[in-house]
file start.txt (compact mmCIF, C-alpha atoms)
# COMPACT_ATOMS: atom_id res chain seq x y z
CA MET A 1 -6.21 6.73 32.79
CA SER A 2 -5.04 7.61 29.29
CA THR A 3 -7.45 8.83 26.65
CA PRO A 4 -8.45 6.05 24.24
CA ALA A 5 -7.12 6.34 20.72
CA THR A 6 -9.42 7.59 17.97
CA ILE A 7 -9.53 5.46 14.84
CA LEU A 8 -11.10 6.55 11.55
CA VAL A 9 -12.47 3.69 9.43
CA VAL A 10 -12.93 4.54 5.73
CA GLU A 11 -14.82 1.64 4.15
CA ASP A 12 -17.71 1.68 1.68
CA ASP A 13 -19.06 -1.77 2.57
CA ALA A 14 -21.52 -1.16 5.40
CA ASP A 15 -21.18 -4.70 6.81
CA ILE A 16 -17.39 -4.56 6.98
CA ARG A 17 -17.49 -1.01 8.30
CA GLY A 18 -19.85 -2.08 11.07
CA LEU A 19 -17.82 -5.18 11.89
CA VAL A 20 -14.58 -3.23 12.19
CA ALA A 21 -16.29 -0.55 14.28
CA ASP A 22 -17.69 -3.16 16.69
CA LEU A 23 -14.26 -4.81 17.05
CA LEU A 24 -12.56 -1.51 17.81
CA ARG A 25 -15.23 -0.30 20.21
CA GLY A 26 -15.01 -3.64 21.97
CA GLU A 27 -11.38 -2.72 22.71
CA ALA A 28 -12.46 0.71 24.02
CA TYR A 29 -11.19 2.70 21.03
CA ARG A 30 -13.07 5.75 19.86
CA VAL A 31 -14.31 5.16 16.32
CA GLU A 32 -15.21 7.51 13.48
CA LEU A 33 -16.75 6.11 10.30
CA ALA A 34 -16.74 7.23 6.67
CA GLU A 35 -17.97 5.49 3.54
CA ASP A 36 -15.92 7.53 1.04
CA ALA A 37 -13.43 10.37 0.67
CA VAL A 38 -16.09 13.08 1.01
CA ALA A 39 -17.32 11.67 4.32
CA MET A 40 -13.72 11.19 5.46
CA ASP A 41 -12.88 14.83 4.79
CA ALA A 42 -15.92 15.88 6.82
CA VAL A 43 -14.69 13.81 9.76
CA LEU A 44 -11.17 15.23 9.45
CA MET A 45 -12.57 18.75 9.68
CA ARG A 46 -13.51 18.09 13.33
CA VAL A 47 -11.25 15.21 14.45
CA HIS A 48 -7.58 14.34 14.09
CA PRO A 49 -7.52 10.54 14.44
CA ASP A 50 -4.64 8.54 15.86
CA LEU A 51 -4.92 5.99 13.03
CA VAL A 52 -6.78 5.57 9.76
CA ILE A 53 -8.04 2.20 8.53
CA LEU A 54 -8.46 2.74 4.80
CA ASP A 55 -10.06 0.46 2.23
CA LEU A 56 -8.33 0.36 -1.16
CA MET A 57 -11.46 0.02 -3.28
CA LEU A 58 -13.65 3.05 -2.66
CA PRO A 59 -16.14 4.87 -4.91
CA GLY A 60 -14.93 8.19 -6.22
CA GLU A 61 -11.45 8.92 -4.88
CA ASP A 62 -9.91 5.50 -4.26
CA GLY A 63 -7.80 4.39 -1.33
CA LEU A 64 -4.49 4.88 -3.13
CA ALA A 65 -5.29 8.49 -3.97
CA ILE A 66 -6.55 9.14 -0.45
CA CYS A 67 -3.41 7.60 1.04
CA ARG A 68 -1.18 9.80 -1.13
CA ARG A 69 -3.20 12.89 -0.19
CA LEU A 70 -3.13 12.16 3.55
CA ARG A 71 0.57 11.36 3.51
CA SER A 72 1.39 14.63 1.75
CA HIS A 73 0.65 16.58 4.94
CA ASP A 74 0.36 14.11 7.84
CA THR A 75 2.39 11.26 9.34
CA LEU A 76 -0.53 9.55 11.13
CA PRO A 77 -0.46 5.73 10.77
CA ILE A 78 -2.44 4.30 7.85
CA LEU A 79 -3.57 0.67 7.81
CA MET A 80 -4.92 -0.41 4.43
CA LEU A 81 -7.59 -3.06 3.85
CA THR A 82 -7.01 -4.93 0.59
CA ALA A 83 -8.49 -7.87 -1.28
CA LYS A 84 -6.39 -11.02 -1.58
CA SER A 85 -6.00 -10.52 -5.33
CA ASP A 86 -4.76 -6.93 -5.01
CA GLU A 87 -1.02 -7.58 -4.55
CA ILE A 88 -0.03 -4.85 -7.01
CA ASP A 89 -2.32 -2.38 -5.27
CA ARG A 90 -0.89 -3.37 -1.89
CA VAL A 91 2.58 -2.54 -3.19
CA LEU A 92 1.32 0.78 -4.55
CA GLY A 93 -0.35 1.50 -1.20
CA LEU A 94 2.94 1.01 0.61
CA GLU A 95 4.66 3.23 -1.93
CA MET A 96 2.05 5.92 -1.34
CA GLY A 97 2.84 5.90 2.37
CA ALA A 98 0.66 3.26 4.06
CA ASP A 99 2.33 1.78 7.15
CA ASP A 100 0.77 -1.68 7.00
CA TYR A 101 -2.06 -3.64 5.41
CA VAL A 102 -4.54 -6.40 6.22
CA VAL A 103 -5.88 -8.71 3.52
CA LYS A 104 -9.62 -9.43 3.32
CA PRO A 105 -11.05 -11.63 4.64
CA PHE A 106 -9.17 -10.96 7.86
CA GLY A 107 -9.45 -12.40 11.34
CA PRO A 108 -10.43 -10.11 14.21
CA ARG A 109 -7.29 -10.90 16.18
CA GLU A 110 -5.03 -10.08 13.23
CA LEU A 111 -6.69 -6.72 12.64
CA LEU A 112 -6.55 -5.76 16.31
CA ALA A 113 -2.92 -6.84 16.57
CA ARG A 114 -1.96 -4.64 13.61
CA VAL A 115 -3.91 -1.71 15.08
CA ARG A 116 -2.24 -2.07 18.47
CA ALA A 117 1.22 -2.36 16.92
CA LEU A 118 0.81 0.78 14.81
CA LEU A 119 -0.63 2.81 17.69
CA ARG A 120 2.10 1.63 20.04
CA ARG A 121 4.84 2.60 17.61
CA ALA A 122 3.27 5.95 16.73
CA SER A 123 2.76 6.98 20.33
CA ALA A 124 6.13 5.82 21.67
CA ALA A 125 6.98 8.33 24.37
CA PRO A 126 10.44 9.71 25.03
CA SER A 127 12.39 7.65 27.57
CA ALA A 128 12.35 8.71 31.19
CA ALA A 129 16.08 8.00 31.40
CA PRO A 130 18.33 11.08 31.67
CA ALA A 131 20.23 10.31 28.49
CA THR A 132 18.38 9.91 25.19
CA ARG A 133 19.49 7.50 22.52
CA ARG A 134 20.80 10.03 20.04
CA LEU A 135 22.91 8.70 17.20
CA ALA A 136 24.82 10.48 14.45
CA PHE A 137 25.53 9.25 10.92
CA ASP A 138 26.40 10.95 7.64
CA ARG A 139 24.75 14.39 7.90
CA PHE A 140 22.03 13.26 10.29
CA VAL A 141 21.18 12.93 13.97
CA VAL A 142 18.43 10.52 15.01
CA ASP A 143 16.82 10.54 18.46
CA LEU A 144 15.35 7.07 18.93
CA ASP A 145 13.42 8.03 22.06
CA ALA A 146 11.89 11.24 20.73
CA ARG A 147 11.48 9.57 17.29
CA GLN A 148 13.01 12.51 15.47
CA LEU A 149 15.44 12.74 12.57
CA THR A 150 17.30 15.97 11.85
CA ARG A 151 20.14 17.03 9.62
CA ASP A 152 23.33 18.24 11.28
CA ASP A 153 22.20 21.81 10.53
CA GLY A 154 19.07 21.26 12.65
CA GLU A 155 16.58 20.89 9.78
CA ALA A 156 13.96 18.25 10.56
CA VAL A 157 13.35 15.33 8.20
CA THR A 158 9.75 14.14 8.39
CA LEU A 159 9.30 10.36 8.45
CA THR A 160 6.18 8.24 8.72
CA THR A 161 5.82 5.71 11.53
CA GLY A 162 6.94 2.86 9.29
CA GLU A 163 9.87 4.80 7.84
CA PHE A 164 11.15 5.74 11.29
CA ASP A 165 10.78 2.16 12.52
CA LEU A 166 12.88 0.99 9.58
CA LEU A 167 15.56 3.65 10.19
CA SER A 168 15.68 2.75 13.89
CA CYS A 169 16.20 -0.89 12.98
CA LEU A 170 19.00 -0.07 10.51
CA VAL A 171 20.97 2.40 12.63
CA GLN A 172 21.08 -0.12 15.48
CA ALA A 173 22.71 -2.67 13.17
CA PRO A 174 25.04 -0.57 10.98
CA ARG A 175 27.23 -2.22 8.36
CA ARG A 176 25.46 -5.51 8.92
CA VAL A 177 23.22 -7.25 6.38
CA LEU A 178 19.66 -7.67 7.63
CA THR A 179 17.25 -9.94 5.79
CA ARG A 180 13.71 -8.82 5.04
CA ASP A 181 12.42 -11.34 7.59
CA GLN A 182 14.68 -9.90 10.30
CA ILE A 183 13.57 -6.36 9.51
CA LEU A 184 9.89 -7.30 9.46
CA ASP A 185 10.19 -9.10 12.77
CA ARG A 186 11.78 -6.03 14.34
CA ILE A 187 9.45 -3.38 12.94
CA ARG A 188 6.16 -5.29 12.89
CA GLY A 189 6.65 -7.95 15.53
CA ARG A 190 5.61 -10.88 13.37
CA GLY A 191 7.07 -13.38 10.94
CA ALA A 192 7.26 -12.23 7.35
CA ASP A 193 4.74 -13.18 4.72
CA PRO A 194 6.74 -14.57 1.77
CA TYR A 195 4.85 -12.19 -0.54
CA ASP A 196 5.17 -9.20 1.77
CA ARG A 197 6.68 -6.15 0.04
CA THR A 198 6.46 -3.88 3.09
CA VAL A 199 10.22 -3.72 3.66
CA ASP A 200 11.03 -3.03 0.00
CA MET A 201 8.57 -0.16 -0.13
CA LEU A 202 9.72 1.33 3.17
CA VAL A 203 13.35 1.14 2.03
CA SER A 204 12.47 2.90 -1.22
CA ARG A 205 10.65 5.69 0.62
CA LEU A 206 13.37 6.08 3.26
CA ARG A 207 16.11 6.22 0.60
CA LYS A 208 14.32 9.03 -1.22
CA LYS A 209 13.96 11.12 1.93
CA LEU A 210 17.55 10.58 3.07
CA ASP A 211 18.87 11.35 -0.42
CA ALA A 212 16.74 14.50 -0.65
CA ALA A 213 18.24 15.72 2.64
CA SER A 214 21.81 14.57 1.83
CA PRO A 215 22.17 14.08 -1.94
CA GLY A 216 24.24 11.10 -2.96
CA CYS A 217 24.47 9.66 0.56
CA ASN A 218 23.48 6.10 -0.55
CA LEU A 219 23.00 4.99 3.06
CA VAL A 220 20.84 1.91 2.44
CA THR A 221 22.12 -0.58 -0.13
CA THR A 222 20.56 -3.77 -1.44
CA VAL A 223 22.56 -6.97 -0.94
CA ARG A 224 21.38 -9.29 -3.69
CA ASN A 225 19.49 -12.36 -2.42
CA ASN A 226 20.17 -11.35 1.18
CA GLY A 227 18.57 -8.12 2.29
CA TYR A 228 19.70 -4.60 3.11
CA LEU A 229 22.83 -2.99 4.54
CA PHE A 230 23.09 0.37 6.33
CA THR A 231 26.45 1.62 5.06
CA ALA A 232 27.16 4.58 7.34
CA ALA A 233 29.24 4.59 10.48
CA VAL A 234 26.95 5.28 13.44
CA LYS A 235 28.19 6.93 16.63
CA PRO A 236 26.67 8.62 19.70
CA ALA A 237 25.57 12.17 18.90
CA LEU A 238 27.23 15.01 20.77

call {"tool": "encode", "arguments": {"input": "start.txt", "output": "structure tokens"}}
result
Amino acid sequence: MSTPATILVVEDDADIRGLVADLLRGEAYRVELAEDAVAMDAVLMRVHPDLVILDLMLPGEDGLAICRRLRSHDTLPILMLTAKSDEIDRVLGLEMGADDYVVKPFGPRELLARVRALLRRASAAPSAAPATRRLAFDRFVVDLDARQLTRDDGEAVTLTTGEFDLLSCLVQAPRRVLTRDQILDRIRGRGADPYDRTVDMLVSRLRKKLDAASPGCNLVTTVRNNGYLFTAAVKPAL
């Protein structure tokens, strides 16, 4: 039997924190709780969680700053909790590196579905098949089974769960326009919210990392009023 995932919940509202903890424990997850950044750091000194559920509005260091700090040194999935009126902050959260968000008030089934999806994507194991799905494009090689991106000189390019999911989606449909709805369905397994900016933020983050590793590559272009196009030729890696 596999070890249950550990989830860190950072939420200052005791009622919500308790509710989320009960939901997660009811699904047999291990749960760590923190009411602010100080308590979170104390937890992280002794535990490396598999996922962080992070409230945007926290006393002291807020959720956006925490997200940026966590993302600067770790690729663990981050699920943000936001208020319905916080659309700008949701966008900023995605820019800072959050992988997904849930709007308060949220339904238990929605929260658990998002948690399962992020954990499933983050823990995707390499395929048992003899041949891995390794693809080459521009100056890069991506291994879809091992979930690794490297330059052709062997230097690793670190991507978050959401960024890798987006890249995987794009390289499997090269030189073909994909709408935001199509991308969301593939990377999050649900229909798109018409106000959802997840794809735009992930594209922005992925572009920056690809361009930093291969300046001027311009691999992901915006097709006005349609979606996004992966411009590179993709072929099996040697």

call {"tool": "residues_around", "arguments": {"input": "start.txt", "residues": "Gly93 (chain A)", "least_positions_apart": "4", "cutoff": "10 Å", "atoms": "only C-alpha atoms", "output": "number ranges by chain"}}
result
A: 56, 63-68, 78-82, 87-89, 97-101, 198, 201

call {"tool": "atom_distance", "arguments": {"input": "start.txt", "atom1": "CA of Val199 (chain A)", "atom2": "CA of Val141 (chain A)"}}
result
22.4 Å

call {"tool": "atom_distance", "arguments": {"input": "start.txt", "atom1": "CA of Val234 (chain A)", "atom2": "CA of Arg186 (chain A)"}}
result
18.9 Å

call {"tool": "closest_residue", "arguments": {"input": "start.txt", "among": "A:Leu166, A:Gln172, A:Pro215, A:Leu112", "to": "Asp200 (chain A)", "atoms": "all atoms listed in the file"}}
result
A:Leu166

call {"tool": "residues_around", "arguments": {"input": "start.txt", "residues": "region 20-29 of chain A", "least_positions_apart": "4", "cutoff": "8 Å", "atoms": "all atoms listed in the file", "output": "list in words"}}
result
Pro4, Ala5, Thr6, Ile7, Val9, Ile16, Leu33, Pro108 and Leu112 of chain A

call {"tool": "residues_around", "arguments": {"input": "start.txt", "residues": "region 159-163 of chain A", "least_positions_apart": "4", "cutoff": "10 Å", "atoms": "all atoms listed in the file", "output": "NGL selection string"}}
result
:A and (71 or 74-78 or 94 or 97-100 or 118-119 or 121-123 or 147-149 or 167-169 or 187-188 or 198-199 or 201-207 or 209-210)

call {"tool": "residues_around", "arguments": {"input": "start.txt", "residues": "Asp211 (chain A)", "least_positions_apart": "5", "cutoff": "12 Å", "atoms": "all atoms listed in the file", "output": "MDAnalysis selection string"}}
result
chainID A and resid 138:140 151 157 203:206 216:220

call {"tool": "residues_around", "arguments": {"input": "start.txt", "residues": "Pro236 (chain A)", "least_positions_apart": "6", "cutoff": "9 Å", "atoms": "only C-alpha atoms", "output": "number ranges by chain"}}
result
A: 133-137

call {"tool": "closest_residue", "arguments": {"input": "start.txt", "among": "A:Glu35, A:Glu110, A:Asp185, A:Glu95", "to": "Ala14 (chain A)", "atoms": "all atoms listed in the file"}}
result
A:Glu35

call {"tool": "closest_residue", "arguments": {"input": "start.txt", "among": "A:Thr150, A:Thr221, A:Asn226, A:Ser214", "to": "Gln182 (chain A)", "atoms": "only C-alpha atoms"}}
result
A:Asn226

call {"tool": "closest_residue", "arguments": {"input": "start.txt", "among": "A:Leu58, A:Val10, A:Ala212, A:Val171", "to": "Phe230 (chain A)", "atoms": "all atoms listed in the file"}}
result
A:Val171

call {"tool": "closest_residue", "arguments": {"input": "start.txt", "among": "A:Glu61, A:Asp145, A:Asp181, A:Asp55", "to": "Val103 (chain A)", "atoms": "only C-alpha atoms"}}
result
A:Asp55

call {"tool": "decode", "arguments": {"input": "start.txt", "residues": "region 27-56 of chain A", "atoms": "N, CA and C atoms", "output": "compact mmCIF listing (two decimals), in the first residue's frame"}}
result
# COMPACT_ATOMS: atom_id res chain seq x y z
N GLU A 27 -10.23 11.55 3.44
CA GLU A 27 -9.74 10.86 2.25
C GLU A 27 -8.40 10.18 2.51
N ALA A 28 -8.04 10.09 3.78
CA ALA A 28 -6.83 9.37 4.23
C ALA A 28 -5.52 10.10 3.93
N TYR A 29 -5.59 11.41 3.66
CA TYR A 29 -4.36 12.18 3.50
C TYR A 29 -3.79 12.52 4.86
N ARG A 30 -2.49 12.66 4.91
CA ARG A 30 -1.85 13.22 6.10
C ARG A 30 -1.94 14.74 6.01
N VAL A 31 -2.24 15.39 7.11
CA VAL A 31 -2.49 16.83 7.07
C VAL A 31 -1.62 17.55 8.09
N GLU A 32 -0.98 18.62 7.64
CA GLU A 32 -0.26 19.55 8.52
C GLU A 32 -0.96 20.90 8.41
N LEU A 33 -1.05 21.61 9.53
CA LEU A 33 -1.80 22.87 9.56
C LEU A 33 -0.91 24.03 9.99
N ALA A 34 -1.16 25.19 9.41
CA ALA A 34 -0.46 26.41 9.79
C ALA A 34 -1.39 27.60 9.60
N GLU A 35 -1.34 28.54 10.53
CA GLU A 35 -2.23 29.70 10.45
C GLU A 35 -1.56 30.90 9.79
N ASP A 36 -0.25 30.86 9.61
CA ASP A 36 0.46 31.98 8.97
C ASP A 36 1.82 31.50 8.47
N ALA A 37 2.60 32.43 7.92
CA ALA A 37 3.88 32.07 7.33
C ALA A 37 4.86 31.54 8.38
N VAL A 38 4.83 32.10 9.57
CA VAL A 38 5.75 31.66 10.63
C VAL A 38 5.48 30.20 10.98
N ALA A 39 4.19 29.87 11.18
CA ALA A 39 3.83 28.49 11.49
C ALA A 39 4.14 27.57 10.32
N MET A 40 3.93 28.05 9.11
CA MET A 40 4.25 27.25 7.92
C MET A 40 5.73 26.90 7.88
N ASP A 41 6.57 27.90 8.12
CA ASP A 41 8.01 27.65 8.08
C ASP A 41 8.43 26.63 9.13
N ALA A 42 7.76 26.66 10.29
CA ALA A 42 8.07 25.68 11.33
C ALA A 42 7.72 24.27 10.87
N VAL A 43 6.59 24.14 10.18
CA VAL A 43 6.19 22.83 9.64
C VAL A 43 7.20 22.37 8.59
N LEU A 44 7.61 23.28 7.71
CA LEU A 44 8.53 22.92 6.63
C LEU A 44 9.92 22.55 7.13
N MET A 45 10.24 22.92 8.35
CA MET A 45 11.52 22.52 8.93
C MET A 45 11.56 21.01 9.20
N ARG A 46 10.39 20.38 9.38
CA ARG A 46 10.36 18.95 9.72
C ARG A 46 9.65 18.08 8.69
N VAL A 47 8.91 18.71 7.76
CA VAL A 47 8.12 17.93 6.79
C VAL A 47 8.26 18.57 5.41
N HIS A 48 8.39 17.72 4.40
CA HIS A 48 8.29 18.22 3.02
C HIS A 48 6.97 17.70 2.46
N PRO A 49 5.95 18.57 2.38
CA PRO A 49 4.63 18.11 1.95
C PRO A 49 4.61 17.78 0.46
N ASP A 50 3.58 17.03 0.06
CA ASP A 50 3.38 16.71 -1.34
C ASP A 50 2.57 17.80 -2.05
N LEU A 51 1.88 18.63 -1.25
CA LEU A 51 1.06 19.71 -1.81
C LEU A 51 0.80 20.73 -0.73
N VAL A 52 0.73 21.99 -1.12
CA VAL A 52 0.39 23.07 -0.19
C VAL A 52 -0.92 23.71 -0.62
N ILE A 53 -1.88 23.79 0.31
CA ILE A 53 -3.10 24.56 0.09
C ILE A 53 -2.90 25.88 0.81
N LEU A 54 -2.87 26.97 0.06
CA LEU A 54 -2.42 28.26 0.57
C LEU A 54 -3.48 29.33 0.41
N ASP A 55 -3.89 29.93 1.51
CA ASP A 55 -4.86 31.03 1.46
C ASP A 55 -4.15 32.30 0.99
N LEU A 56 -4.84 33.09 0.17
CA LEU A 56 -4.25 34.35 -0.30
C LEU A 56 -4.13 35.39 0.80
